[in-house]
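**Q** Can you read through this structure? Questions will come right after.
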Amino acid sequence: MPAHANPFLGPVPSEVPLEGAPLIRVISQVQFPAQLSLVERTTVSELQKALAASFPILEEQSLRSFVFALNIDGQEGRVQPQTLPQPQWRFFDPEANTALVVNTTSITLDTLQYPGRKRFFERFRTCLDIIHARSPINMASRLGVRYVDRVSDEHLQAIPSLINPLLLGLSGADLGIPVQADMHDFLVEPGPERGSLHVRHGFLPPGGTMDPDILPPLAVRNWILDIDLFRQGEMFPFEPQAIGEDAIRFAERIYAVFRWIVTDDFLRAFGGKP
């Protein structure tokens, strides 16, 4: 994007398709106060029928929450943690690359094969419509969109020359020794989206990760770019269309920041034509 453009406040640049994009994961999630009916088997059965064409595979999981009970044993107090299982349902597409995850407090669309902004967020909104029609939710408490890129191939050594120099840290210094890990993060509040944008980026050593659920460790050194835009702190109506539109705006702002972080040479290296 133009050097003078502000990625946090300015217009969003047009997309440059990357044939070999290093994007490994995209997640869109809405959270809300506990809705016990969402995980009841009668509700899940109705959802399974409605989602069968897109998500034919259903898997049940048990999440664990911790409750601390104070037991009095003689004159001594003793705190004993107890774990209570919470059901969670994961609906997968036929290739198991995309999952719709439903539990009592959140709905998440999580993909390893991003089909593009329009298709992904249309799918997210459709899922919200289907779920809301069968188990109405009144209010939401958080909306988040997250994009994760990872480079571990022949382009890894060139990363310091392919991203904005402001983000280089030690990786941009000539120390005469290899830098195995060099991670950074920052949190800003982009104006138009009324949310918080969290960026984590840098080099991870072999076997290293900052979030094993989202970023499984690799046996080789790798560079990651993790951009998460979210809104929380106040309740807002659970309206699938409005939530879907906000999620797209979040994705657009993330793309503007992505284009500020990477250079045109980065785009070319991964098959783009800036």
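Letters for chains follow the order of the structure tokens (A, B, ...), residue numbers begin at 1 for each chain, and ligand numbers begin at 1 in the order shown.
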Find the spatial neighbours of A:Phe121, counting only C-alpha atoms, within a cut-off of 10 Å - ignore same-chain residues fewer than 4 positions away - and output them as a ChimeraX atom specification.
**A** /A:28,109,115-117,125-127,243-248,251
**Q** Those selected residues, please, written with N, CA and C atoms and delivered as a PDB file, in the first residue's frame.
**A**
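Final file, result_27.pdb:
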ATOM      1  N   SER A  28     -12.971 -16.675  12.709  1.00  0.00           N
ATOM      2  CA  SER A  28     -13.945 -15.642  13.057  1.00  0.00           C
ATOM      3  C   SER A  28     -14.810 -16.191  14.183  1.00  0.00           C
ATOM      4  N   LEU A 109     -15.948 -20.006  13.394  1.00  0.00           N
ATOM      5  CA  LEU A 109     -15.650 -20.599  12.097  1.00  0.00           C
ATOM      6  C   LEU A 109     -14.139 -20.551  11.925  1.00  0.00           C
ATOM      7  N   PRO A 115     -10.966 -19.504   1.567  1.00  0.00           N
ATOM      8  CA  PRO A 115     -11.505 -19.401   0.215  1.00  0.00           C
ATOM      9  C   PRO A 115     -11.600 -17.962  -0.294  1.00  0.00           C
ATOM     10  N   GLY A 116     -11.128 -17.022   0.490  1.00  0.00           N
ATOM     11  CA  GLY A 116     -11.272 -15.613   0.144  1.00  0.00           C
ATOM     12  C   GLY A 116     -12.229 -14.936   1.110  1.00  0.00           C
ATOM     13  N   ARG A 117     -12.084 -13.620   1.213  1.00  0.00           N
ATOM     14  CA  ARG A 117     -12.845 -12.867   2.211  1.00  0.00           C
ATOM     15  C   ARG A 117     -14.354 -12.998   2.028  1.00  0.00           C
ATOM     16  N   ARG A 125     -21.691 -15.783   8.309  1.00  0.00           N
ATOM     17  CA  ARG A 125     -23.006 -15.205   8.568  1.00  0.00           C
ATOM     18  C   ARG A 125     -24.113 -16.243   8.378  1.00  0.00           C
ATOM     19  N   THR A 126     -24.003 -17.094   7.366  1.00  0.00           N
ATOM     20  CA  THR A 126     -25.000 -18.134   7.157  1.00  0.00           C
ATOM     21  C   THR A 126     -25.078 -19.068   8.355  1.00  0.00           C
ATOM     22  N   CYS A 127     -23.919 -19.431   8.903  1.00  0.00           N
ATOM     23  CA  CYS A 127     -23.900 -20.290  10.094  1.00  0.00           C
ATOM     24  C   CYS A 127     -24.575 -19.608  11.275  1.00  0.00           C
ATOM     25  N   ILE A 243     -23.427  -8.640  12.623  1.00  0.00           N
ATOM     26  CA  ILE A 243     -22.182  -9.267  13.066  1.00  0.00           C
ATOM     27  C   ILE A 243     -21.341  -9.664  11.860  1.00  0.00           C
ATOM     28  N   GLY A 244     -21.993 -10.221  10.837  1.00  0.00           N
ATOM     29  CA  GLY A 244     -21.276 -10.602   9.633  1.00  0.00           C
ATOM     30  C   GLY A 244     -20.649  -9.411   8.929  1.00  0.00           C
ATOM     31  N   GLU A 245     -21.363  -8.297   8.885  1.00  0.00           N
ATOM     32  CA  GLU A 245     -20.828  -7.087   8.248  1.00  0.00           C
ATOM     33  C   GLU A 245     -19.649  -6.538   9.039  1.00  0.00           C
ATOM     34  N   ASP A 246     -19.763  -6.559  10.361  1.00  0.00           N
ATOM     35  CA  ASP A 246     -18.638  -6.095  11.185  1.00  0.00           C
ATOM     36  C   ASP A 246     -17.424  -6.995  10.999  1.00  0.00           C
ATOM     37  N   ALA A 247     -17.661  -8.304  10.907  1.00  0.00           N
ATOM     38  CA  ALA A 247     -16.547  -9.242  10.731  1.00  0.00           C
ATOM     39  C   ALA A 247     -15.806  -8.959   9.423  1.00  0.00           C
ATOM     40  N   ILE A 248     -16.537  -8.640   8.364  1.00  0.00           N
ATOM     41  CA  ILE A 248     -15.892  -8.305   7.092  1.00  0.00           C
ATOM     42  C   ILE A 248     -15.066  -7.035   7.239  1.00  0.00           C
ATOM     43  N   ALA A 251     -11.903  -7.875   8.881  1.00  0.00           N
ATOM     44  CA  ALA A 251     -10.994  -8.547   7.949  1.00  0.00           C
ATOM     45  C   ALA A 251     -10.337  -7.539   7.008  1.00  0.00           C
TER      46      ALA A 251
END
**Q** Tell me, as a ChimeraX atom specification, which residues lie within 9 Å of A:Arg259, counting only C-alpha atoms; anything in the same chain fewer than 4 positions away does not count.
**A** /A:1,7,13,254-255,263-264,267
**Q** Take the residues that were just selected and, keeping N, CA, C and O atoms, output them as an mmCIF file, in the first residue's frame.
**A**
data_model
loop_
_atom_site.group_PDB
_atom_site.id
_atom_site.type_symbol
_atom_site.label_atom_id
_atom_site.label_comp_id
_atom_site.auth_asym_id
_atom_site.auth_seq_id
_atom_site.Cartn_x
_atom_site.Cartn_y
_atom_site.Cartn_z
ATOM 1 N N MET A 1 0.842 -1.179 0.000
ATOM 2 C CA MET A 1 0.000 0.000 0.000
ATOM 3 C C MET A 1 0.888 1.243 0.000
ATOM 4 O O MET A 1 2.058 1.171 0.375
ATOM 5 N N PRO A 7 -2.456 2.566 7.868
ATOM 6 C CA PRO A 7 -3.152 1.267 7.816
ATOM 7 C C PRO A 7 -4.204 1.104 8.901
ATOM 8 O O PRO A 7 -5.073 0.239 8.793
ATOM 9 N N PRO A 13 -6.625 -1.070 1.071
ATOM 10 C CA PRO A 13 -6.153 -1.273 -0.299
ATOM 11 C C PRO A 13 -6.877 -2.429 -0.970
ATOM 12 O O PRO A 13 -7.413 -3.319 -0.311
ATOM 13 N N ILE A 254 -7.635 -5.724 8.917
ATOM 14 C CA ILE A 254 -6.490 -6.629 9.074
ATOM 15 C C ILE A 254 -5.682 -6.666 7.781
ATOM 16 O O ILE A 254 -4.442 -6.655 7.815
ATOM 17 N N TYR A 255 -6.375 -6.677 6.656
ATOM 18 C CA TYR A 255 -5.650 -6.708 5.384
ATOM 19 C C TYR A 255 -4.856 -5.425 5.172
ATOM 20 O O TYR A 255 -3.729 -5.457 4.658
ATOM 21 N N THR A 263 6.095 -5.932 2.145
ATOM 22 C CA THR A 263 6.465 -5.100 1.007
ATOM 23 C C THR A 263 5.934 -5.709 -0.294
ATOM 24 O O THR A 263 5.451 -6.844 -0.314
ATOM 25 N N ASP A 264 6.062 -4.944 -1.369
ATOM 26 C CA ASP A 264 5.678 -5.483 -2.673
ATOM 27 C C ASP A 264 6.530 -6.698 -3.045
ATOM 28 O O ASP A 264 6.054 -7.617 -3.722
ATOM 29 N N LEU A 267 4.888 -9.676 -1.644
ATOM 30 C CA LEU A 267 3.754 -10.094 -2.466
ATOM 31 C C LEU A 267 4.233 -10.860 -3.699
ATOM 32 O O LEU A 267 3.670 -11.898 -4.050
#
**Q** At a cut-off of 9 Å, can you tabulate as a tab-separated table every residue of stretch 115-199 of chain A near stretch 215-228 of chain A together with its closest atom pair and the distance in Å to one decimal, using only C-alpha atoms and ordering rows by chain then number?
**A**
residue	atom	partner	partner_atom	distance
A:Gly144	CA	A:Asp228	CA	6.9
A:Val145	CA	A:Asp228	CA	5.8
A:Arg146	CA	A:Asp228	CA	4.2
A:Tyr147	CA	A:Ile227	CA	5.4
A:Val148	CA	A:Asp226	CA	4.4
A:Asp149	CA	A:Leu225	CA	5.0
A:Arg150	CA	A:Ile224	CA	4.4
A:Val151	CA	A:Trp223	CA	5.1
A:Ser152	CA	A:Asn222	CA	4.6
A:Asp153	CA	A:Asn222	CA	8.1
A:Leu156	CA	A:Asn222	CA	6.8
A:Ile159	CA	A:Trp223	CA	7.8
A:Gln180	CA	A:Arg221	CA	7.2
A:Ala181	CA	A:Arg221	CA	8.2
A:Met183	CA	A:Ile224	CA	8.9
A:Ser196	CA	A:Asp228	CA	8.2
A:Leu197	CA	A:Asp228	CA	5.7
A:His198	CA	A:Asp228	CA	5.1
A:Val199	CA	A:Ile227	CA	4.6
**Q** Could you pull out the residues in stretch 96-191 of chain A that DSSP calls helix (DSSP H, G or I) from the backbone, as number ranges by chain?
**A** A: 117-134, 156-162, 165-167, 169-172
**Q** Write the residues of the preceding selection, restricted to C-alpha atoms, as a compact mmCIF listing (two decimals), in the first residue's frame.
**A**
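Now in result.txt:
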# COMPACT_ATOMS: atom_id res chain seq x y z
CA ARG A 117 -12.85 -12.87 2.21
CA LYS A 118 -16.28 -12.79 0.57
CA ARG A 119 -16.92 -16.53 0.66
CA PHE A 120 -15.54 -17.07 4.16
CA PHE A 121 -17.60 -14.35 5.82
CA GLU A 122 -20.74 -15.20 3.87
CA ARG A 123 -20.34 -18.69 5.30
CA PHE A 124 -19.83 -17.28 8.79
CA ARG A 125 -23.01 -15.21 8.57
CA THR A 126 -25.00 -18.13 7.16
CA CYS A 127 -23.90 -20.29 10.09
CA LEU A 128 -24.95 -17.59 12.54
CA ASP A 129 -28.35 -17.34 10.84
CA ILE A 130 -28.89 -21.10 11.03
CA ILE A 131 -27.88 -21.33 14.69
CA HIS A 132 -29.78 -18.21 15.76
CA ALA A 133 -32.96 -19.47 14.08
CA ARG A 134 -32.88 -22.68 16.15
CA LEU A 156 12.52 -17.59 5.36
CA GLN A 157 16.02 -16.13 5.09
CA ALA A 158 14.70 -13.24 2.96
CA ILE A 159 11.99 -12.17 5.45
CA PRO A 160 14.05 -9.25 6.89
CA SER A 161 14.10 -7.74 3.40
CA LEU A 162 10.42 -8.49 2.71
CA PRO A 165 11.81 -2.21 8.62
CA LEU A 166 9.87 -0.90 11.63
CA LEU A 167 9.07 -4.48 12.58
CA GLY A 169 13.89 -5.83 15.78
CA LEU A 170 17.07 -7.84 16.26
CA SER A 171 16.40 -9.65 13.01
CA GLY A 172 17.40 -6.51 11.15
**Q** Using DSSP on the backbone coordinates, identify the residues of stretch 89-263 of chain A assigned to strand (DSSP E or B); present them as a VMD selection string.
**A** chain A and resid 89 to 92 98 to 102 106 to 111 139 to 151 163 182 to 188 196 to 204 222 to 237 262
**Q** How about saving the chosen residues, C-alpha atoms kept, as a short mmCIF file (atom, residue, chain, number, x, y, z; two decimals), in the first residue's frame?
**A**
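Contents of out_12.cif, freshly written:
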data_model
loop_
_atom_site.label_atom_id
_atom_site.label_comp_id
_atom_site.auth_asym_id
_atom_site.auth_seq_id
_atom_site.Cartn_x
_atom_site.Cartn_y
_atom_site.Cartn_z
CA TRP A 89 -19.67 -29.61 19.08
CA ARG A 90 -17.46 -29.37 16.00
CA PHE A 91 -19.03 -29.53 12.53
CA PHE A 92 -16.45 -30.26 9.79
CA THR A 98 -12.97 -25.97 8.00
CA ALA A 99 -14.75 -26.36 11.33
CA LEU A 100 -17.79 -24.69 12.82
CA VAL A 101 -17.36 -24.92 16.60
CA VAL A 102 -20.35 -24.41 18.88
CA SER A 106 -19.18 -18.98 21.47
CA ILE A 107 -19.61 -19.77 17.79
CA THR A 108 -16.41 -20.07 15.76
CA LEU A 109 -15.65 -20.60 12.10
CA ASP A 110 -12.08 -21.86 11.76
CA THR A 111 -10.43 -22.72 8.45
CA MET A 139 -26.80 -10.39 23.16
CA ALA A 140 -23.14 -10.85 22.24
CA SER A 141 -20.08 -9.84 24.26
CA ARG A 142 -17.15 -10.19 21.84
CA LEU A 143 -16.44 -10.39 18.12
CA GLY A 144 -13.01 -11.34 16.84
CA VAL A 145 -11.33 -12.05 13.50
CA ARG A 146 -7.84 -13.53 13.29
CA TYR A 147 -5.42 -14.23 10.43
CA VAL A 148 -2.23 -16.26 10.90
CA ASP A 149 0.60 -16.40 8.33
CA ARG A 150 3.68 -18.62 8.59
CA VAL A 151 6.84 -18.86 6.48
CA ILE A 163 8.73 -6.70 5.60
CA ASP A 182 12.82 -12.75 17.84
CA MET A 183 9.14 -12.21 18.69
CA HIS A 184 7.31 -8.90 19.05
CA ASP A 185 3.76 -7.72 19.58
CA PHE A 186 1.77 -4.52 19.74
CA LEU A 187 -1.83 -3.54 20.51
CA VAL A 188 -3.57 -0.57 18.92
CA SER A 196 -8.52 -3.54 19.45
CA LEU A 197 -5.95 -4.86 17.01
CA HIS A 198 -3.27 -7.18 18.33
CA VAL A 199 -0.28 -8.03 16.13
CA ARG A 200 2.30 -10.69 16.99
CA HIS A 201 5.16 -11.29 14.61
CA GLY A 202 8.70 -12.55 14.37
CA PHE A 203 10.85 -15.67 14.27
CA LEU A 204 10.16 -18.81 16.27
CA ASN A 222 9.85 -20.17 11.08
CA TRP A 223 8.46 -16.65 10.82
CA ILE A 224 4.88 -15.91 11.85
CA LEU A 225 2.49 -13.00 11.49
CA ASP A 226 -0.61 -13.21 13.68
CA ILE A 227 -3.15 -10.36 13.40
CA ASP A 228 -6.23 -10.39 15.63
CA LEU A 229 -8.89 -7.65 15.57
CA PHE A 230 -11.59 -7.86 18.24
CA ARG A 231 -14.29 -5.85 19.99
CA GLN A 232 -15.23 -6.55 23.58
CA GLY A 233 -16.07 -4.76 26.81
CA GLU A 234 -19.70 -3.95 26.13
CA MET A 235 -22.70 -6.00 25.07
CA PHE A 236 -24.25 -5.64 21.64
CA PRO A 237 -27.28 -7.25 19.95
CA VAL A 262 4.78 -6.62 4.06
#
**Q** Do a neighbour search on A:Ser54 at 8 Å with only C-alpha atoms, toss out local chain neighbours closer than 2 positions, and write the hits as a list in words.
**A**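 Surrounding residues, per the criterion: Leu51, Ala52, Pro56, Asp93 and Pro94 of chain A.
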**Q** Export N, CA, C and O atoms of the chosen residues as a PDB file, in the first residue's frame?
**A**
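out.pdb, freshly written:
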ATOM      1  N   LEU A  51     -27.067 -28.103   8.617  1.00  0.00           N
ATOM      2  CA  LEU A  51     -25.694 -27.850   8.177  1.00  0.00           C
ATOM      3  C   LEU A  51     -25.110 -29.002   7.366  1.00  0.00           C
ATOM      4  O   LEU A  51     -23.954 -28.925   6.927  1.00  0.00           O
ATOM      5  N   ALA A  52     -25.896 -30.057   7.147  1.00  0.00           N
ATOM      6  CA  ALA A  52     -25.363 -31.296   6.568  1.00  0.00           C
ATOM      7  C   ALA A  52     -24.692 -31.078   5.220  1.00  0.00           C
ATOM      8  O   ALA A  52     -23.694 -31.730   4.906  1.00  0.00           O
ATOM      9  N   PRO A  56     -20.856 -32.016   6.938  1.00  0.00           N
ATOM     10  CA  PRO A  56     -21.457 -33.339   7.162  1.00  0.00           C
ATOM     11  C   PRO A  56     -20.849 -34.137   8.306  1.00  0.00           C
ATOM     12  O   PRO A  56     -21.396 -35.173   8.688  1.00  0.00           O
ATOM     13  N   ASP A  93     -16.283 -29.686   7.448  1.00  0.00           N
ATOM     14  CA  ASP A  93     -16.562 -29.877   6.035  1.00  0.00           C
ATOM     15  C   ASP A  93     -16.003 -31.237   5.604  1.00  0.00           C
ATOM     16  O   ASP A  93     -15.297 -31.904   6.376  1.00  0.00           O
ATOM     17  N   PRO A  94     -16.308 -31.709   4.383  1.00  0.00           N
ATOM     18  CA  PRO A  94     -15.875 -33.062   3.987  1.00  0.00           C
ATOM     19  C   PRO A  94     -14.378 -33.280   4.061  1.00  0.00           C
ATOM     20  O   PRO A  94     -13.922 -34.393   4.337  1.00  0.00           O
TER      21      PRO A  94
END
**Q** What separation in Å, quoted to one decimal, exists between atom CA of A:Thr104 and atom CA of A:Ile214?
**A**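 These atoms are spaced 20.6 Å apart.
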